[in-house]
file model34.txt (compact mmCIF, C-alpha atoms and all ligand atoms)
# COMPACT_ATOMS: atom_id res chain seq x y z
CA MET A 266 0.00 0.00 0.00
CA LEU A 267 2.89 2.36 0.73
CA SER A 268 5.41 1.22 -1.81
CA ASP A 269 6.57 4.68 -2.81
CA PRO A 270 9.51 5.38 -0.47
CA GLU A 271 8.79 9.10 -0.34
CA LYS A 272 5.21 8.49 0.67
CA ARG A 273 6.36 6.02 3.22
CA ARG A 274 8.70 8.59 4.75
CA GLU A 275 5.95 11.15 4.87
CA TYR A 276 3.62 8.66 6.47
CA ASP A 277 6.16 7.74 9.09
CA ALA A 278 6.81 11.37 9.83
CA GLU A 279 3.11 11.89 10.34
CA GLN A 280 2.82 9.06 12.76
CA GLN A 281 5.74 10.37 14.71
CA MET A 282 4.25 13.81 14.75
CA LEU A 283 0.99 12.53 16.17
CA ARG A 284 2.75 10.55 18.82
CA MET A 285 4.77 13.56 19.83
CA GLY A 286 1.76 15.81 19.76
CA GLY A 287 -0.56 13.82 21.94
CA GLY A 288 1.16 10.69 23.12
CA TYR A 289 -1.55 8.48 21.72
CA GLY A 290 -0.36 4.96 21.53
CA TYR A 291 -3.29 3.28 19.93
CA ALA A 292 -2.34 0.88 17.20
CA GLY A 293 -5.65 0.02 15.66
CA THR A 294 -6.93 -0.13 12.16
CA GLY A 295 -10.15 1.20 10.82
CA GLY A 296 -11.38 2.06 7.41
CA GLY A 297 -14.30 4.35 6.83
CA GLY A 298 -14.16 7.92 7.79
CA GLY A 299 -12.29 10.29 5.62
CA GLY A 300 -12.53 13.92 4.93
CA GLY A 301 -11.90 16.73 2.55
CA ALA A 302 -9.78 19.76 2.98
CA ARG A 303 -10.97 23.23 3.63
CA GLY A 304 -8.66 25.95 2.51
CA GLY A 305 -6.62 27.52 5.23
CA GLN A 306 -6.12 31.10 6.08
CA GLY A 307 -3.02 32.86 4.88
CA PHE A 308 -2.00 34.27 8.25
CA GLY A 309 1.24 35.38 6.69
CA ASP A 310 -0.58 37.85 4.48
CA PHE A 311 -2.35 39.55 7.35
CA GLY A 312 0.80 39.75 9.35
CA ASP A 313 2.59 41.44 6.52
CA ILE A 314 -0.18 43.91 5.87
CA PHE A 315 -0.31 44.92 9.52
CA SER A 316 3.39 45.29 9.76
CA MET A 317 3.36 47.49 6.70
CA PHE A 318 0.71 49.77 8.15
CA GLY A 319 2.45 49.83 11.46
CA GLY A 320 5.77 50.74 9.97
CA GLY A 321 4.55 53.57 7.79
CA GLY A 322 4.11 57.16 8.83
CA GLY A 323 1.53 58.04 6.22
CA GLY A 324 4.08 60.15 4.44
CA GLY A 325 4.20 58.12 1.28
CA GLY A 326 7.09 56.32 -0.17
CA ARG A 327 9.86 54.94 1.92
CA ARG A 328 9.30 52.16 4.36
CA GLY A 329 11.58 49.61 5.82
CA GLY A 330 10.07 46.95 3.69
CA GLN A 331 12.30 43.98 4.27
CA ALA A 332 9.52 41.95 5.86
CA ARG A 333 7.77 41.34 2.60
CA SER A 334 10.64 39.58 0.97
CA GLY A 335 11.67 37.65 4.07
CA PRO A 336 10.66 34.11 4.95
CA ARG A 337 6.94 33.51 5.06
CA ARG A 338 5.21 30.79 7.04
CA GLY A 339 3.06 28.36 5.10
CA GLN A 340 -0.72 28.15 5.20
CA ASP A 341 -2.53 26.58 8.11
CA LEU A 342 -5.04 24.06 6.87
CA GLU A 343 -8.11 22.71 8.52
CA VAL A 344 -9.81 19.44 7.66
CA GLU A 345 -12.82 17.70 9.13
CA VAL A 346 -13.12 13.95 9.41
CA THR A 347 -16.36 12.16 10.18
CA LEU A 348 -16.12 9.05 12.32
CA ALA A 349 -18.58 6.34 13.24
CA PHE A 350 -19.10 6.19 17.01
CA ASP A 351 -17.18 2.92 17.27
CA GLN A 352 -14.25 4.33 15.33
CA ALA A 353 -14.05 7.29 17.66
CA MET A 354 -14.05 4.95 20.64
CA SER A 355 -11.42 2.54 19.35
CA GLY A 356 -9.27 5.04 17.51
CA ALA A 357 -8.88 4.88 13.77
CA GLU A 358 -6.63 5.70 10.90
CA VAL A 359 -8.52 7.68 8.32
CA PRO A 360 -7.60 8.91 4.87
CA VAL A 361 -7.74 12.65 4.40
CA THR A 362 -7.51 14.44 1.08
CA LEU A 363 -6.17 17.95 1.12
CA GLU A 364 -4.78 20.55 -1.19
CA ARG A 365 -1.71 22.26 0.08
CA HIS A 366 1.22 24.29 -1.13
CA GLU A 367 4.38 22.29 -1.43
CA ALA A 368 7.81 23.43 -2.50
CA CYS A 369 8.22 23.03 -6.23
CA GLY A 370 10.51 20.11 -6.88
CA THR A 371 11.79 21.47 -10.17
CA CYS A 372 13.28 24.69 -8.77
CA ALA A 373 13.62 23.54 -5.14
CA GLY A 374 11.31 26.38 -4.08
CA SER A 375 13.36 29.20 -5.57
CA GLY A 376 10.96 30.02 -8.38
CA ALA A 377 13.84 30.36 -10.79
CA LYS A 378 14.37 28.01 -13.65
CA PRO A 379 17.31 25.76 -12.74
CA GLY A 380 20.49 27.55 -13.81
CA SER A 381 18.97 31.04 -13.82
CA THR A 382 19.03 33.57 -10.99
CA SER A 383 16.79 36.21 -9.53
CA ARG A 384 17.45 39.95 -9.24
CA LEU A 385 16.11 42.74 -7.04
CA CYS A 386 12.77 44.10 -8.25
CA THR A 387 13.31 47.61 -9.63
CA THR A 388 9.67 48.66 -9.29
CA CYS A 389 9.73 48.41 -5.51
CA ASP A 390 13.45 48.36 -4.86
CA GLY A 391 13.08 45.02 -3.22
CA ARG A 392 10.52 46.13 -0.65
CA GLY A 393 7.72 44.06 -2.11
CA SER A 394 5.21 46.87 -1.73
CA VAL A 395 4.40 50.10 -3.46
CA THR A 396 2.18 52.91 -2.17
CA HIS A 397 -0.91 54.42 -3.65
CA ASP A 398 -2.29 57.83 -2.72
CA VAL A 399 -6.00 57.61 -1.97
CA GLY A 400 -7.58 60.83 -0.72
CA GLY A 401 -4.42 61.95 0.95
CA PHE A 402 -3.72 58.55 2.53
CA SER A 403 -0.85 56.44 1.49
CA ILE A 404 -2.02 52.88 1.07
CA PRO A 405 0.59 50.17 0.65
CA GLU A 406 -0.08 47.62 -2.01
CA GLU A 407 1.60 44.48 -3.09
CA CYS A 408 4.11 45.29 -5.78
CA PRO A 409 2.57 44.26 -9.10
CA SER A 410 5.92 43.54 -10.71
CA CYS A 411 7.21 41.00 -8.23
CA GLY A 412 3.97 39.96 -6.49
CA GLY A 413 5.39 41.05 -3.14
CA GLN A 414 8.50 38.94 -3.40
CA GLY A 415 10.95 41.82 -3.66
CA THR A 416 12.85 39.92 -6.26
CA VAL A 417 12.04 38.95 -9.78
CA VAL A 418 13.18 35.83 -11.47
CA GLU A 419 14.89 36.40 -14.78
CA ASP A 420 13.74 33.09 -16.09
CA PRO A 421 10.84 31.72 -14.05
CA CYS A 422 10.48 28.03 -13.37
CA SER A 423 7.94 26.77 -15.85
CA ASP A 424 6.44 24.24 -13.44
CA CYS A 425 5.44 26.72 -10.72
CA TYR A 426 5.40 29.93 -12.82
CA GLY A 427 8.06 31.39 -10.54
CA ARG A 428 6.11 31.06 -7.33
CA GLY A 429 8.36 28.43 -5.80
CA THR A 430 5.40 26.45 -4.53
CA ARG A 431 2.80 24.33 -6.20
CA THR A 432 -0.63 23.34 -5.03
CA VAL A 433 -0.66 19.60 -4.68
CA GLU A 434 -3.55 17.33 -3.83
CA ARG A 435 -2.40 14.90 -1.18
CA ARG A 436 -4.09 11.93 0.33
CA ILE A 437 -2.61 11.29 3.74
CA ARG A 438 -3.60 9.01 6.57
CA VAL A 439 -4.30 10.55 9.92
CA ARG A 440 -4.35 8.59 13.12
CA ILE A 441 -7.29 9.48 15.31
CA PRO A 442 -6.70 8.68 18.98
CA ALA A 443 -9.17 6.47 20.84
CA GLY A 444 -11.76 8.60 22.61
CA ALA A 445 -11.95 11.40 20.03
CA LYS A 446 -14.95 13.60 20.66
CA ASP A 447 -17.17 15.52 18.35
CA GLY A 448 -15.12 18.66 17.79
CA THR A 449 -11.73 17.33 18.96
CA ARG A 450 -8.91 19.21 17.25
CA ILE A 451 -5.73 17.37 16.41
CA LYS A 452 -2.82 19.53 15.37
CA LEU A 453 -0.29 18.10 12.98
CA LYS A 454 2.58 20.51 13.16
CA GLY A 455 4.22 21.33 9.86
CA LYS A 456 1.69 19.39 7.81
CA GLY A 457 0.03 22.48 6.35
CA GLY A 458 1.28 24.44 3.37
CA ALA A 459 4.99 24.83 2.65
CA GLY A 460 6.59 28.07 3.77
CA MET A 461 8.02 30.52 1.27
CA ARG A 462 11.59 31.81 1.10
CA GLY A 463 12.74 29.50 3.84
CA GLY A 464 9.76 30.08 6.14
CA PRO A 465 8.39 27.19 8.19
CA ALA A 466 5.47 25.09 7.00
CA GLY A 467 2.00 25.75 8.38
CA ASP A 468 0.06 23.30 10.52
CA LEU A 469 -2.74 20.93 9.65
CA HIS A 470 -5.66 20.91 12.06
CA VAL A 471 -7.84 17.83 11.94
CA ILE A 472 -11.27 18.23 13.52
CA THR A 473 -13.23 15.11 14.32
CA ARG A 474 -16.97 14.79 13.86
CA VAL A 475 -18.49 11.78 15.58
CA MET A 476 -21.78 10.19 14.55
CA PRO A 477 -24.17 9.28 17.35
CA SER A 478 -24.51 5.75 18.70
CA PRO A 479 -27.90 4.04 18.88
CA LEU A 480 -27.03 2.70 22.35
CA PHE A 481 -24.66 5.04 24.12
CA LYS A 482 -24.67 8.71 24.84
CA ARG A 483 -21.50 10.46 25.77
CA LYS A 484 -21.12 12.62 28.85
CA GLY A 485 -17.52 13.73 29.11
CA ASP A 486 -15.58 10.51 29.46
CA ASP A 487 -18.63 8.61 30.71
CA LEU A 488 -21.08 6.74 28.55
CA THR A 489 -24.73 6.47 29.47
CA ILE A 490 -27.02 3.66 28.44
CA GLU A 491 -30.70 3.07 29.17
CA VAL A 492 -31.38 -0.40 30.60
CA PRO A 493 -34.96 -1.67 30.54
CA VAL A 494 -35.87 -3.81 33.59
CA THR A 495 -39.14 -5.41 34.59
CA PHE A 496 -41.12 -4.44 37.66
CA ALA A 497 -40.23 -7.77 39.26
CA GLU A 498 -36.48 -7.30 38.58
CA ALA A 499 -36.54 -3.80 40.06
CA ALA A 500 -38.60 -4.87 43.07
CA LEU A 501 -36.81 -8.11 43.85
CA GLY A 502 -33.35 -7.12 42.65
CA ALA A 503 -31.61 -8.84 39.75
CA LYS A 504 -28.40 -9.35 37.88
CA VAL A 505 -28.76 -8.03 34.33
CA GLU A 506 -26.36 -7.89 31.41
CA VAL A 507 -25.54 -4.58 29.78
CA PRO A 508 -23.60 -4.04 26.54
CA THR A 509 -20.27 -2.24 26.73
CA LEU A 510 -17.88 -0.95 24.07
CA ASP A 511 -16.04 -4.26 24.01
CA GLY A 512 -18.62 -6.83 25.03
CA ARG A 513 -20.99 -6.96 27.97
CA VAL A 514 -20.96 -6.62 31.70
CA ALA A 515 -23.27 -7.99 34.40
CA ILE A 516 -24.63 -5.39 36.78
CA THR A 517 -26.60 -5.86 39.98
CA VAL A 518 -29.90 -4.04 40.16
CA PRO A 519 -30.52 -3.66 43.90
CA ALA A 520 -33.92 -4.72 45.25
CA GLY A 521 -36.30 -1.78 45.40
CA SER A 522 -34.64 0.21 42.58
CA GLN A 523 -36.76 3.03 41.23
CA ASP A 524 -37.18 4.01 37.61
CA GLY A 525 -34.28 6.24 36.52
CA ARG A 526 -31.82 4.92 39.07
CA THR A 527 -28.31 5.09 37.64
CA LEU A 528 -25.74 2.41 38.31
CA ARG A 529 -22.10 3.21 37.68
CA VAL A 530 -19.67 0.72 36.18
CA PRO A 531 -16.15 2.21 36.46
CA GLY A 532 -13.73 1.71 33.59
CA LYS A 533 -16.38 0.85 31.00
CA GLY A 534 -16.94 4.33 29.64
CA ALA A 535 -15.19 6.18 26.82
CA PRO A 536 -11.40 6.07 26.53
CA LYS A 537 -9.80 9.24 27.86
CA LEU A 538 -7.94 11.20 25.22
CA ASP A 539 -4.80 11.42 27.33
CA GLY A 540 -4.62 7.63 27.45
CA SER A 541 -5.22 7.43 31.19
CA GLY A 542 -7.94 4.78 31.07
CA ASN A 543 -11.66 4.91 30.56
CA GLY A 544 -14.53 6.77 32.15
CA SER A 545 -17.55 5.01 33.61
CA LEU A 546 -20.56 3.37 32.09
CA LEU A 547 -23.70 4.86 33.61
CA ALA A 548 -26.55 2.35 33.35
CA LYS A 549 -29.89 4.09 33.80
CA ILE A 550 -32.74 1.84 34.82
CA LYS A 551 -35.89 2.14 32.77
CA LEU A 552 -38.86 0.41 34.32
CA THR A 553 -40.96 -1.40 31.74
CA ILE A 554 -44.54 -2.52 32.22
CA PRO A 555 -45.83 -5.55 30.27
CA SER A 556 -48.32 -4.45 27.62
CA SER A 557 -50.36 -7.65 28.01
CA LEU A 558 -50.69 -10.31 30.70
CA SER A 559 -51.81 -13.93 30.64
CA ASP A 560 -54.68 -14.96 32.91
CA GLU A 561 -52.23 -16.59 35.26
CA GLN A 562 -50.07 -13.47 35.45
CA GLN A 563 -53.13 -11.35 36.15
CA GLU A 564 -54.14 -13.63 39.03
CA ALA A 565 -50.64 -13.46 40.48
CA LEU A 566 -50.52 -9.66 40.22
CA LYS A 567 -53.95 -9.27 41.80
CA ALA A 568 -52.82 -11.47 44.65
CA PHE A 569 -49.74 -9.30 45.03
CA SER A 570 -51.79 -6.11 44.92
CA GLU A 571 -54.03 -7.32 47.73
CA LEU A 572 -50.96 -7.89 49.87
CA ASP A 573 -49.44 -4.53 48.98
CA THR A 574 -50.23 -2.01 51.70
CA SER A 575 -47.90 0.74 50.45
CA ASP A 576 -49.37 4.03 49.23
CA PRO A 577 -47.22 5.57 46.48
CA ARG A 578 -49.38 8.74 46.50
CA ALA A 579 -49.24 9.43 50.19
CA ARG A 580 -46.99 12.47 49.91
CA LEU A 581 -49.27 14.12 47.36
CA PHE A 582 -51.77 14.75 50.17
CA SER A 583 -49.51 15.36 53.13
ZN ZN A 601 9.35 25.74 -9.59
ZN ZN A 602 8.53 44.59 -6.63
call {"tool": "encode", "arguments": {"input": "model34.txt", "output": "structure tokens"}}
result
Amino acid sequence: MLSDPEKRREYDAEQQMLRMGGGYGYAGTGGGGGGGARGGQGFGDFGDIFSMFGGGGGGGGRRGGQARSGPRRGQDLEVEVTLAFDQAMSGAEVPVTLERHEACGTCAGSGAKPGSTSRLCTTCDGRGSVTHDVGGFSIPEECPSCGGQGTVVEDPCSDCYGRGTRTVERRIRVRIPAGAKDGTRIKLKGKGGAGMRGGPAGDLHVITRVMPSPLFKRKGDDLTIEVPVTFAEAALGAKVEVPTLDGRVAITVPAGSQDGRTLRVPGKGAPKLDGSGNGSLLAKIKLTIPSSLSDEQQEALKAFSELDTSDPRARLFS
């Protein structure tokens, strides 16, 4: 599946990154899931614009414009993955498709055709920005000649049109730790877009969406489940079996349990994201009444009723 050695390296790096980031040691498999990329925000652009405004005195012209042609951090990307409830509980490895900037392999990110060089942009004198007078205000603008780079390439790389980066669609596999919640953010440092002019790569943020379970509801690290019991089981007490994430567990319903009573089973809840064990399973008793009775059952219940001297409505009239 990962025959391409470069892909394999990238995959390994990702796994390492995740382990470093969260210390999740789950080694499970799991298909399904998957997600598509959502374009990231170019934080670098905002930063540059603000620094340009901040540096200028409104007097038009000269600014210390080195920032624009310095290293620029790559895009941060954000991607959502949708997981089945079971996948979120066990942890999963899901494929994610994203579009990100990567350094152009042909020119090694320089933007210049191999063998050619770049020179200082004469339009902006290497500052990367030019100013426009609008109603007496001096508004900096990206230099149209060099696109804000400060340098122009004599002979641009034909594969990236001189940009130094290319937008590449990548399918990567992301390991989701056991216990991921709806809305959990996993940061994969350096897995966003490639930086420009030697800047660091951006980050990839993976956000998990978890589909509901027909049986369990999540409450922090606890799982709740509704457990139907008969009147006789609740009144007499009983041992009943309850499903768990990995099988079933027998719980003791104490004699005299009321409807809605919650019994806690420690360690059978959701896995904690930090790997420190599981929460509890909260089994909530739901009293069920038979919708029909045989003649014999009716006789038995009538006999019971005649012996029953309790008054469940006493406190309504006290
Ligand atoms: Zn190139
Ligand atoms: Zn320029």
call {"tool": "residues_near_ligand", "arguments": {"input": "model34.txt", "ligand": "ligand ZN 602 (chain A)", "cutoff": "10 Å", "atoms": "all atoms listed in the file", "output": "ChimeraX atom specification"}}
result
/A:333-334,385-395,407-417
call {"tool": "residues_near_ligand", "arguments": {"input": "model34.txt", "ligand": "ligand ZN 601 (chain A)", "cutoff": "9 Å", "atoms": "only C-alpha atoms and all ligand atoms", "output": "list in words"}}
result
Ala368, Cys369, Gly370, Thr371, Cys372, Ala373, Gly374, Ser375, Gly376, Ala377, Lys378, Pro379, Pro421, Cys422, Ser423, Asp424, Cys425, Tyr426, Gly427, Arg428, Gly429, Thr430 and Arg431 of chain A
call {"tool": "closest_residue", "arguments": {"input": "model34.txt", "among": "A:Leu572, A:Ala565, A:Met354, A:Val359", "to": "Ala497 in chain A", "atoms": "all atoms listed in the file"}}
result
A:Ala565
call {"tool": "closest_residue", "arguments": {"input": "model34.txt", "among": "A:Leu566, A:Met461, A:Ala445, A:Ile550", "to": "Arg474 in chain A", "atoms": "only C-alpha atoms"}}
result
A:Ala445
call {"tool": "closest_residue", "arguments": {"input": "model34.txt", "among": "A:Thr489, A:Thr574, A:Asp524, A:Ile516", "to": "Leu546 in chain A", "atoms": "only C-alpha atoms"}}
result
A:Thr489
call {"tool": "atom_distance", "arguments": {"input": "model34.txt", "atom1": "CA of Pro531 in chain A", "atom2": "CA of Asp487 in chain A"}}
result
9.0 Å
call {"tool": "closest_residue", "arguments": {"input": "model34.txt", "among": "A:Ala568, A:Ala548, A:Val471, A:Val507", "to": "Val439 in chain A", "atoms": "all atoms listed in the file"}}
result
A:Val471
call {"tool": "residues_around", "arguments": {"input": "model34.txt", "residues": "Gln352 in chain A", "least_positions_apart": "4", "cutoff": "8 Å", "atoms": "all atoms listed in the file", "output": "list in words"}}
result
Gly295, Leu348, Gly356, Ala357 and Ala443 of chain A
call {"tool": "residues_near_point", "arguments": {"input": "model34.txt", "point": "(-17.4, 1.7, 42.7)", "cutoff": "12 Å", "atoms": "all atoms listed in the file", "output": "list in words"}}
result
Ile516, Leu528, Arg529, Val530, Pro531, Gly532, Lys533, Ser545, Leu546 and Leu547 of chain A
call {"tool": "write_last_selection", "arguments": {"input": "model34.txt", "atoms": "C-alpha atoms", "output": "short mmCIF file (atom, residue, chain, number, x, y, z; two decimals), in the coordinates of the input"}}
result
data_model
loop_
_atom_site.label_atom_id
_atom_site.label_comp_id
_atom_site.auth_asym_id
_atom_site.auth_seq_id
_atom_site.Cartn_x
_atom_site.Cartn_y
_atom_site.Cartn_z
CA ILE A 516 -24.63 -5.39 36.78
CA LEU A 528 -25.74 2.41 38.31
CA ARG A 529 -22.10 3.21 37.68
CA VAL A 530 -19.67 0.72 36.18
CA PRO A 531 -16.15 2.21 36.46
CA GLY A 532 -13.73 1.71 33.59
CA LYS A 533 -16.38 0.85 31.00
CA SER A 545 -17.55 5.01 33.61
CA LEU A 546 -20.56 3.37 32.09
CA LEU A 547 -23.70 4.86 33.61
#
call {"tool": "closest_residue", "arguments": {"input": "model34.txt", "among": "A:Gln523, A:Glu367, A:Lys551, A:Glu561", "to": "Pro577 in chain A", "atoms": "all atoms listed in the file"}}
result
A:Gln523
call {"tool": "residues_near_point", "arguments": {"input": "model34.txt", "point": "(-17.4, 9.3, 14.9)", "cutoff": "9 Å", "atoms": "all atoms listed in the file", "output": "PDB file with C-alpha atoms, in the coordinates of the input"}}
result
ATOM      1  CA  GLY A 298     -14.160   7.920   7.790  1.00  0.00           C
ATOM      2  CA  VAL A 346     -13.120  13.950   9.410  1.00  0.00           C
ATOM      3  CA  THR A 347     -16.360  12.160  10.180  1.00  0.00           C
ATOM      4  CA  LEU A 348     -16.120   9.050  12.320  1.00  0.00           C
ATOM      5  CA  ALA A 349     -18.580   6.340  13.240  1.00  0.00           C
ATOM      6  CA  PHE A 350     -19.100   6.190  17.010  1.00  0.00           C
ATOM      7  CA  ASP A 351     -17.180   2.920  17.270  1.00  0.00           C
ATOM      8  CA  GLN A 352     -14.250   4.330  15.330  1.00  0.00           C
ATOM      9  CA  ALA A 353     -14.050   7.290  17.660  1.00  0.00           C
ATOM     10  CA  MET A 354     -14.050   4.950  20.640  1.00  0.00           C
ATOM     11  CA  ALA A 445     -11.950  11.400  20.030  1.00  0.00           C
ATOM     12  CA  LYS A 446     -14.950  13.600  20.660  1.00  0.00           C
ATOM     13  CA  ASP A 447     -17.170  15.520  18.350  1.00  0.00           C
ATOM     14  CA  THR A 473     -13.230  15.110  14.320  1.00  0.00           C
ATOM     15  CA  ARG A 474     -16.970  14.790  13.860  1.00  0.00           C
ATOM     16  CA  VAL A 475     -18.490  11.780  15.580  1.00  0.00           C
ATOM     17  CA  MET A 476     -21.780  10.190  14.550  1.00  0.00           C
ATOM     18  CA  PRO A 477     -24.170   9.280  17.350  1.00  0.00           C
ATOM     19  CA  SER A 478     -24.510   5.750  18.700  1.00  0.00           C
TER      20      SER A 478
END
